[in-house]
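J.: Input upload.csv, format and content: CSV, C-alpha atoms.
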chain,number,residue,atom,x,y,z
F,1,MET,CA,-15.6,-13.1,10.9
F,2,ALA,CA,-14.1,-10.2,12.9
F,3,LEU,CA,-10.5,-10.7,13.6
F,4,MET,CA,-9.9,-7.9,16.1
F,5,LEU,CA,-11.6,-4.5,16.2
F,6,THR,CA,-9.5,-2.9,18.8
F,7,PHE,CA,-8.3,0.6,18.2
F,8,ALA,CA,-5.6,2.1,20.4
F,9,VAL,CA,-4.0,5.5,20.0
F,10,GLN,CA,-2.3,7.1,22.9
F,11,GLY,CA,-0.7,10.2,21.5
F,12,LEU,CA,0.6,10.4,18.0
F,13,ALA,CA,3.2,8.0,16.7
F,14,GLU,CA,5.7,9.1,14.1
F,15,VAL,CA,4.7,6.5,11.5
F,16,TYR,CA,1.6,4.4,10.8
F,17,GLU,CA,1.5,1.7,8.2
F,18,LEU,CA,-1.7,0.8,6.3
F,19,ARG,CA,-1.5,-2.7,4.9
F,20,THR,CA,-3.9,-4.5,2.6
F,21,TYR,CA,-3.8,-8.3,2.1
F,22,THR,CA,-5.7,-10.0,-0.7
F,23,THR,CA,-6.2,-13.8,-0.3
F,24,HIS,CA,-6.9,-16.6,-2.7
F,25,PRO,CA,-10.5,-17.7,-2.7
F,26,GLY,CA,-11.4,-19.5,0.5
F,27,LYS,CA,-8.2,-18.5,2.3
F,28,LEU,CA,-9.3,-15.5,4.4
F,29,LYS,CA,-10.2,-17.7,7.4
F,30,ASN,CA,-6.7,-19.2,7.2
F,31,LEU,CA,-5.2,-15.7,7.2
F,32,HIS,CA,-7.3,-14.7,10.2
F,33,ALA,CA,-6.1,-17.7,12.1
F,34,ARG,CA,-2.5,-17.0,11.3
F,35,PHE,CA,-2.9,-13.4,12.5
F,36,ARG,CA,-4.9,-14.3,15.6
F,37,ASP,CA,-2.7,-17.2,16.6
F,38,HIS,CA,0.7,-16.0,15.7
F,39,THR,CA,1.3,-12.8,13.6
F,40,VAL,CA,-0.1,-10.3,16.1
F,41,LYS,CA,2.1,-11.6,18.9
F,42,LEU,CA,5.2,-11.6,16.6
F,43,PHE,CA,4.5,-8.0,15.6
F,44,GLN,CA,4.5,-7.1,19.2
F,45,LYS,CA,7.7,-9.0,19.8
F,46,HIS,CA,9.4,-7.0,17.1
F,47,GLY,CA,8.2,-3.6,18.2
F,48,MET,CA,5.2,-3.2,15.9
F,49,GLU,CA,2.0,-2.0,17.6
F,50,SER,CA,-1.3,-3.2,16.2
F,51,VAL,CA,-3.8,-0.4,15.8
F,52,GLY,CA,-6.7,-2.3,14.2
F,53,TYR,CA,-7.7,-5.1,11.9
F,54,TRP,CA,-10.7,-4.9,9.5
F,55,VAL,CA,-12.4,-6.7,6.7
F,56,PRO,CA,-14.6,-5.0,4.1
F,57,THR,CA,-18.3,-5.7,4.8
F,58,ASP,CA,-19.6,-5.7,1.2
F,59,GLY,CA,-18.5,-6.4,-2.3
F,60,ALA,CA,-16.0,-9.0,-3.6
F,61,LYS,CA,-13.3,-7.7,-1.1
F,62,ALA,CA,-15.5,-8.9,1.8
F,63,ASN,CA,-14.4,-12.5,1.1
F,64,ASN,CA,-10.7,-12.0,0.5
F,65,THR,CA,-9.3,-8.8,2.0
F,66,LEU,CA,-7.7,-8.0,5.3
F,67,ILE,CA,-6.9,-4.3,6.1
F,68,TYR,CA,-4.8,-3.4,9.1
F,69,VAL,CA,-2.8,-0.5,10.6
F,70,LEU,CA,0.5,-0.8,12.5
F,71,LYS,CA,2.2,1.9,14.5
F,72,HIS,CA,6.0,2.3,14.4
F,73,LYS,CA,8.3,4.7,16.3
F,74,SER,CA,9.9,5.8,13.0
F,75,ARG,CA,10.5,4.7,9.4
F,76,GLU,CA,13.8,3.3,10.5
F,77,ALA,CA,12.2,1.4,13.3
F,78,ALA,CA,9.7,0.0,10.9
F,79,LYS,CA,12.4,-1.2,8.6
F,80,LYS,CA,14.3,-2.9,11.5
F,81,SER,CA,11.1,-4.4,12.8
F,82,TRP,CA,10.1,-5.9,9.5
F,83,ALA,CA,13.6,-7.3,8.9
F,84,ALA,CA,13.6,-8.9,12.4
F,85,PHE,CA,10.1,-10.2,11.8
F,86,ILE,CA,10.8,-11.8,8.4
F,87,SER,CA,14.0,-13.5,9.7
F,88,ASP,CA,12.4,-14.7,13.0
F,89,PRO,CA,12.6,-18.6,13.1
F,90,GLU,CA,9.1,-18.7,14.7
F,91,TRP,CA,7.6,-16.6,11.8
F,92,LYS,CA,9.3,-18.8,9.2
F,93,LYS,CA,7.8,-21.9,10.8
F,94,VAL,CA,4.3,-20.3,11.1
F,95,PHE,CA,4.5,-19.0,7.5
F,96,LYS,CA,5.5,-22.4,6.1
F,97,ALA,CA,2.8,-24.3,8.1
F,98,SER,CA,0.1,-21.8,7.0
F,99,ARG,CA,1.0,-22.5,3.3
F,100,LYS,CA,0.8,-26.3,3.5
F,101,ASP,CA,-2.4,-26.3,1.3
F,102,GLY,CA,-1.0,-23.5,-0.9
F,103,PRO,CA,-0.3,-19.8,-0.5
F,104,LEU,CA,-2.8,-17.7,1.3
F,105,LEU,CA,-2.2,-14.4,-0.5
F,106,SER,CA,-3.0,-13.9,-4.2
F,107,LYS,CA,-0.6,-11.0,-4.5
F,108,ALA,CA,2.0,-9.1,-2.6
F,109,PRO,CA,0.7,-7.1,0.4
F,110,GLU,CA,0.1,-3.4,-0.3
F,111,SER,CA,1.7,-1.0,2.2
F,112,VAL,CA,1.4,2.8,2.7
F,113,TYR,CA,3.4,4.6,5.3
F,114,MET,CA,1.5,7.5,6.8
F,115,SER,CA,1.9,10.3,9.4
F,116,ALA,CA,-1.0,11.5,11.6
F,117,THR,CA,-2.5,14.9,10.9
F,118,ASP,CA,-2.7,17.5,13.6
F,119,TYR,CA,-6.4,17.1,13.8
F,120,THR,CA,-6.4,13.3,14.4
F,121,PRO,CA,-8.5,12.8,17.6
F,122,LYS,CA,-6.7,11.6,20.7
F,123,VAL,CA,-8.4,8.4,21.6
F,124,LYS,CA,-7.7,6.0,24.4
F,125,GLU,CA,-7.9,2.3,24.0
F,126,GLU,CA,-11.4,1.2,23.3
F,127,LYS,CA,-13.0,-1.9,22.0
F,128,ALA,CA,-15.4,-1.7,19.2
F,129,SER,CA,-18.8,-3.3,19.6
F,130,ASP,CA,-19.5,-6.4,17.6
F,131,ASP,CA,-21.9,-4.4,15.4
F,132,ALA,CA,-19.5,-1.5,14.8
F,133,VAL,CA,-18.8,-0.6,11.2
F,134,PHE,CA,-15.7,1.3,10.2
F,135,GLU,CA,-15.4,3.2,7.0
F,136,LEU,CA,-12.0,3.8,5.3
F,137,ARG,CA,-12.1,6.8,3.1
F,138,ILE,CA,-9.3,8.0,0.9
F,139,TYR,CA,-9.4,11.5,-0.5
F,140,LYS,CA,-7.2,12.6,-3.3
F,141,CYS,CA,-7.2,16.4,-4.1
F,142,ASN,CA,-6.0,18.6,-6.9
F,143,LYS,CA,-2.4,19.7,-6.9
F,144,GLY,CA,-1.7,22.3,-4.2
F,145,LYS,CA,-5.1,21.8,-2.4
F,146,LEU,CA,-4.1,19.4,0.4
F,147,LYS,CA,-3.8,22.3,3.0
F,148,ASN,CA,-7.3,23.3,2.0
F,149,LEU,CA,-8.6,19.8,2.5
F,150,ASP,CA,-6.9,19.6,5.9
F,151,ALA,CA,-8.4,22.9,6.9
F,152,ARG,CA,-11.9,21.7,5.9
F,153,PHE,CA,-11.6,18.6,8.0
F,154,ARG,CA,-10.0,20.4,11.0
F,155,ASP,CA,-12.4,23.3,11.0
F,156,HIS,CA,-15.7,21.9,9.8
F,157,THR,CA,-16.0,18.2,8.8
F,158,ILE,CA,-15.1,16.5,12.0
F,159,ARG,CA,-17.6,18.7,13.9
F,160,ILE,CA,-20.3,17.8,11.3
F,161,PHE,CA,-19.5,14.1,11.5
F,162,ASN,CA,-19.8,14.3,15.3
F,163,ARG,CA,-23.2,16.0,15.0
F,164,PHE,CA,-24.4,13.0,13.0
F,165,GLY,CA,-23.0,10.4,15.3
F,166,MET,CA,-20.0,9.5,13.2
F,167,LYS,CA,-16.9,9.1,15.3
F,168,SER,CA,-13.6,10.0,13.7
F,169,ILE,CA,-10.8,7.6,14.5
F,170,ALA,CA,-7.8,8.9,12.6
F,171,TYR,CA,-6.6,11.1,9.8
F,172,TRP,CA,-3.3,10.4,8.0
F,173,HIS,CA,-1.2,11.6,5.1
F,174,PRO,CA,0.9,9.2,3.1
F,175,ILE,CA,4.6,9.9,3.7
F,176,GLU,CA,6.0,9.1,0.3
F,177,LYS,CA,5.7,11.1,-2.9
F,178,PRO,CA,3.7,11.4,-5.1
F,179,ALA,CA,0.8,10.3,-2.8
F,180,SER,CA,2.0,12.7,0.0
F,181,GLU,CA,1.4,15.7,-2.3
F,182,ASP,CA,-2.4,15.2,-2.8
As structure tokens, please, write out the structure in this file.
T.:
Amino acid sequence: MALMLTFAVQGLAEVYELRTYTTHPGKLKNLHARFRDHTVKLFQKHGMESVGYWVPTDGAKANNTLIYVLKHKSREAAKKSWAAFISDPEWKKVFKASRKDGPLLSKAPESVYMSATDYTPKVKEEKASDDAVFELRIYKCNKGKLKNLDARFRDHTIRIFNRFGMKSIAYWHPIEKPASED
């Protein structure tokens, strides 16, 4: 079940947030419904822009994982938006109703705040086809080598990806240490 495969980047925001939700067995459809029917609208109400929503296509995570990216004007704006979202009476009502048969999530959401690299492609809003497949890759390099990895992608890798029909969507660095260092 695809929730929403819309990717919108118009210029570069100051902060992106990669979030990963892991559900209890059989609860992913319920989580999709909560996002589709309520959460996405509430994000927008509180100044959080949805960039994209994805589920893994293979392995155990395909049945219990939702990965999404939000765009915020700043870290401070993200903090304020989340505080307003969590305290919103409509969210409290939706959250309570979605848990009537037990909690949806098996653990706390994972969150990584990121900034876009200078080589992130500028993409206008586009809808992904129903058969589109997205690949999330996370690279971790040796200490002091992040600039080299950035140069490799900026100067070579993206061009090679394009040659083989692979479209780059975005490249980000985590903001917080120690992840921001490698």
J.: Using all atoms listed in the file, can you tell me which of F:Ala151, F:Met48, F:Pro174, F:His24 comes closest to Lys80 (chain F)?
T.: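 Counting all atoms listed in the file, the residue closest to Lys80 (chain F) is F:Met48.
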J.: Could you tell me how far CA of Val112 (chain F) sits from CA of Val133 (chain F), in Å to one decimal place?
T.: 22.2 Å
J.: Mind giving me the straight-line distance from CA of Arg75 (chain F) to CA of Lys145 (chain F) in Å, one decimal?
T.: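 Separation of CA of Arg75 (chain F) and CA of Lys145 (chain F): 26.0 Å.
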J.: Tell me which of F:Ala78, F:Val69, F:Val40, F:Ala132 sits closest to Ala170 (chain F), counting all atoms listed in the file.
T.: F:Val69
J.: State, in Å with one decimal place, the distance from CA of Phe35 (chain F) to CA of Tyr53 (chain F).
T.: 9.6 Å
J.: List the spatial neighbours of Lys107 (chain F) as a list of chain:residue names - criterion: any atom at most 8 Å away, only C-alpha atoms, same-chain residues fewer than 3 positions off excluded.
T.: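 The residues satisfying every condition are F:Tyr21, F:Thr22, F:Thr23.
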J.: Please list as a CSV table (one decimal) with C-alpha atoms, in the frame of the given file every residue within 10 Å of Leu136 (chain F), counting all atoms listed in the file and excluding residues in the same chain fewer than 5 positions away.
T.:
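Generated file (selection-v9.csv):
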chain,number,residue,atom,x,y,z
F,54,TRP,CA,-10.7,-4.9,9.5
F,56,PRO,CA,-14.6,-5.0,4.1
F,67,ILE,CA,-6.9,-4.3,6.1
F,170,ALA,CA,-7.8,8.9,12.6
J.: For Lys73 (chain F), please output as number ranges by chain all residues within 9 Å (counting all atoms listed in the file; exclusion window: fewer than 6 positions along the same chain).
T.: F: 13-16, 47-48
J.: Check the smallest atom-to-atom distance from each of F:Ser111, F:Ser168, F:Ser180, F:Thr120 to Gly144 (chain F) using all atoms listed in the file, then report the winner.
T.: F:Ser180
J.: Can region 95-106 of chain F be brought up to all heavy atoms and written out as an mmCIF file, keeping the file's coordinate frame?
T.:
data_model
loop_
_atom_site.group_PDB
_atom_site.id
_atom_site.type_symbol
_atom_site.label_atom_id
_atom_site.label_comp_id
_atom_site.auth_asym_id
_atom_site.auth_seq_id
_atom_site.Cartn_x
_atom_site.Cartn_y
_atom_site.Cartn_z
ATOM 1 N N PHE F 95 4.763 -19.339 8.912
ATOM 2 C CA PHE F 95 4.500 -19.000 7.500
ATOM 3 C C PHE F 95 4.474 -20.316 6.676
ATOM 4 O O PHE F 95 3.544 -20.540 5.903
ATOM 5 C CB PHE F 95 5.591 -18.075 6.977
ATOM 6 C CG PHE F 95 5.406 -17.675 5.548
ATOM 7 C CD1 PHE F 95 4.439 -16.751 5.184
ATOM 8 C CD2 PHE F 95 6.205 -18.225 4.552
ATOM 9 C CE1 PHE F 95 4.265 -16.374 3.864
ATOM 10 C CE2 PHE F 95 6.044 -17.860 3.224
ATOM 11 C CZ PHE F 95 5.071 -16.924 2.876
ATOM 12 N N LYS F 96 5.448 -21.167 6.868
ATOM 13 C CA LYS F 96 5.500 -22.400 6.100
ATOM 14 C C LYS F 96 4.297 -23.300 6.428
ATOM 15 O O LYS F 96 3.667 -23.850 5.519
ATOM 16 C CB LYS F 96 6.808 -23.166 6.455
ATOM 17 C CG LYS F 96 6.995 -24.435 5.667
ATOM 18 C CD LYS F 96 8.317 -25.102 6.003
ATOM 19 C CE LYS F 96 8.470 -26.399 5.209
ATOM 20 N NZ LYS F 96 9.716 -27.085 5.512
ATOM 21 N N ALA F 97 3.957 -23.428 7.699
ATOM 22 C CA ALA F 97 2.800 -24.300 8.100
ATOM 23 C C ALA F 97 1.500 -23.727 7.534
ATOM 24 O O ALA F 97 0.633 -24.509 7.136
ATOM 25 C CB ALA F 97 2.744 -24.356 9.621
ATOM 26 N N SER F 98 1.362 -22.401 7.471
ATOM 27 C CA SER F 98 0.100 -21.800 7.000
ATOM 28 C C SER F 98 -0.066 -21.996 5.484
ATOM 29 O O SER F 98 -1.157 -21.823 4.959
ATOM 30 C CB SER F 98 0.025 -20.334 7.350
ATOM 31 O OG SER F 98 0.939 -19.573 6.581
ATOM 32 N N ARG F 99 1.001 -22.357 4.798
ATOM 33 C CA ARG F 99 1.000 -22.500 3.300
ATOM 34 C C ARG F 99 0.948 -24.004 2.917
ATOM 35 O O ARG F 99 1.123 -24.300 1.740
ATOM 36 C CB ARG F 99 2.163 -21.825 2.724
ATOM 37 C CG ARG F 99 2.135 -20.326 2.919
ATOM 38 C CD ARG F 99 3.455 -19.685 2.535
ATOM 39 N NE ARG F 99 3.922 -20.041 1.220
ATOM 40 C CZ ARG F 99 3.727 -19.316 0.107
ATOM 41 N NH1 ARG F 99 3.090 -18.181 0.195
ATOM 42 N NH2 ARG F 99 4.193 -19.728 -1.056
ATOM 43 N N LYS F 100 0.718 -24.916 3.860
ATOM 44 C CA LYS F 100 0.800 -26.300 3.500
ATOM 45 C C LYS F 100 -0.235 -26.723 2.434
ATOM 46 O O LYS F 100 0.009 -27.643 1.661
ATOM 47 C CB LYS F 100 0.617 -27.204 4.760
ATOM 48 C CG LYS F 100 -0.767 -27.204 5.357
ATOM 49 C CD LYS F 100 -0.865 -28.113 6.566
ATOM 50 C CE LYS F 100 -2.307 -28.110 7.004
ATOM 51 N NZ LYS F 100 -2.547 -28.070 8.369
ATOM 52 N N ASP F 101 -1.355 -26.014 2.367
ATOM 53 C CA ASP F 101 -2.400 -26.300 1.300
ATOM 54 C C ASP F 101 -2.324 -25.209 0.239
ATOM 55 O O ASP F 101 -3.317 -24.977 -0.454
ATOM 56 C CB ASP F 101 -3.766 -26.316 1.953
ATOM 57 C CG ASP F 101 -3.923 -27.472 2.923
ATOM 58 O OD1 ASP F 101 -3.358 -28.552 2.657
ATOM 59 O OD2 ASP F 101 -4.606 -27.299 3.951
ATOM 60 N N GLY F 102 -1.199 -24.532 0.115
ATOM 61 C CA GLY F 102 -1.000 -23.500 -0.900
ATOM 62 C C GLY F 102 -0.947 -22.122 -0.278
ATOM 63 O O GLY F 102 -1.302 -21.931 0.891
ATOM 64 N N PRO F 103 -0.443 -21.165 -1.049
ATOM 65 C CA PRO F 103 -0.300 -19.800 -0.500
ATOM 66 C C PRO F 103 -1.621 -19.175 -0.145
ATOM 67 O O PRO F 103 -2.637 -19.430 -0.777
ATOM 68 C CB PRO F 103 0.384 -19.036 -1.655
ATOM 69 C CG PRO F 103 0.407 -19.923 -2.836
ATOM 70 C CD PRO F 103 -0.015 -21.286 -2.431
ATOM 71 N N LEU F 104 -1.585 -18.351 0.902
ATOM 72 C CA LEU F 104 -2.800 -17.700 1.300
ATOM 73 C C LEU F 104 -3.066 -16.414 0.493
ATOM 74 O O LEU F 104 -4.206 -16.123 0.155
ATOM 75 C CB LEU F 104 -2.688 -17.252 2.814
ATOM 76 C CG LEU F 104 -2.480 -18.378 3.828
ATOM 77 C CD1 LEU F 104 -2.480 -17.813 5.238
ATOM 78 C CD2 LEU F 104 -3.506 -19.469 3.664
ATOM 79 N N LEU F 105 -2.017 -15.677 0.168
ATOM 80 C CA LEU F 105 -2.200 -14.400 -0.500
ATOM 81 C C LEU F 105 -2.109 -14.598 -2.048
ATOM 82 O O LEU F 105 -1.266 -15.337 -2.553
ATOM 83 C CB LEU F 105 -1.119 -13.404 -0.092
ATOM 84 C CG LEU F 105 -1.103 -13.053 1.398
ATOM 85 C CD1 LEU F 105 -0.055 -11.978 1.668
ATOM 86 C CD2 LEU F 105 -2.470 -12.610 1.879
ATOM 87 N N SER F 106 -2.991 -13.871 -2.738
ATOM 88 C CA SER F 106 -3.000 -13.900 -4.200
ATOM 89 C C SER F 106 -2.075 -12.929 -4.843
ATOM 90 O O SER F 106 -1.810 -13.008 -6.038
ATOM 91 C CB SER F 106 -4.436 -13.727 -4.718
ATOM 92 O OG SER F 106 -4.894 -12.437 -4.385
#
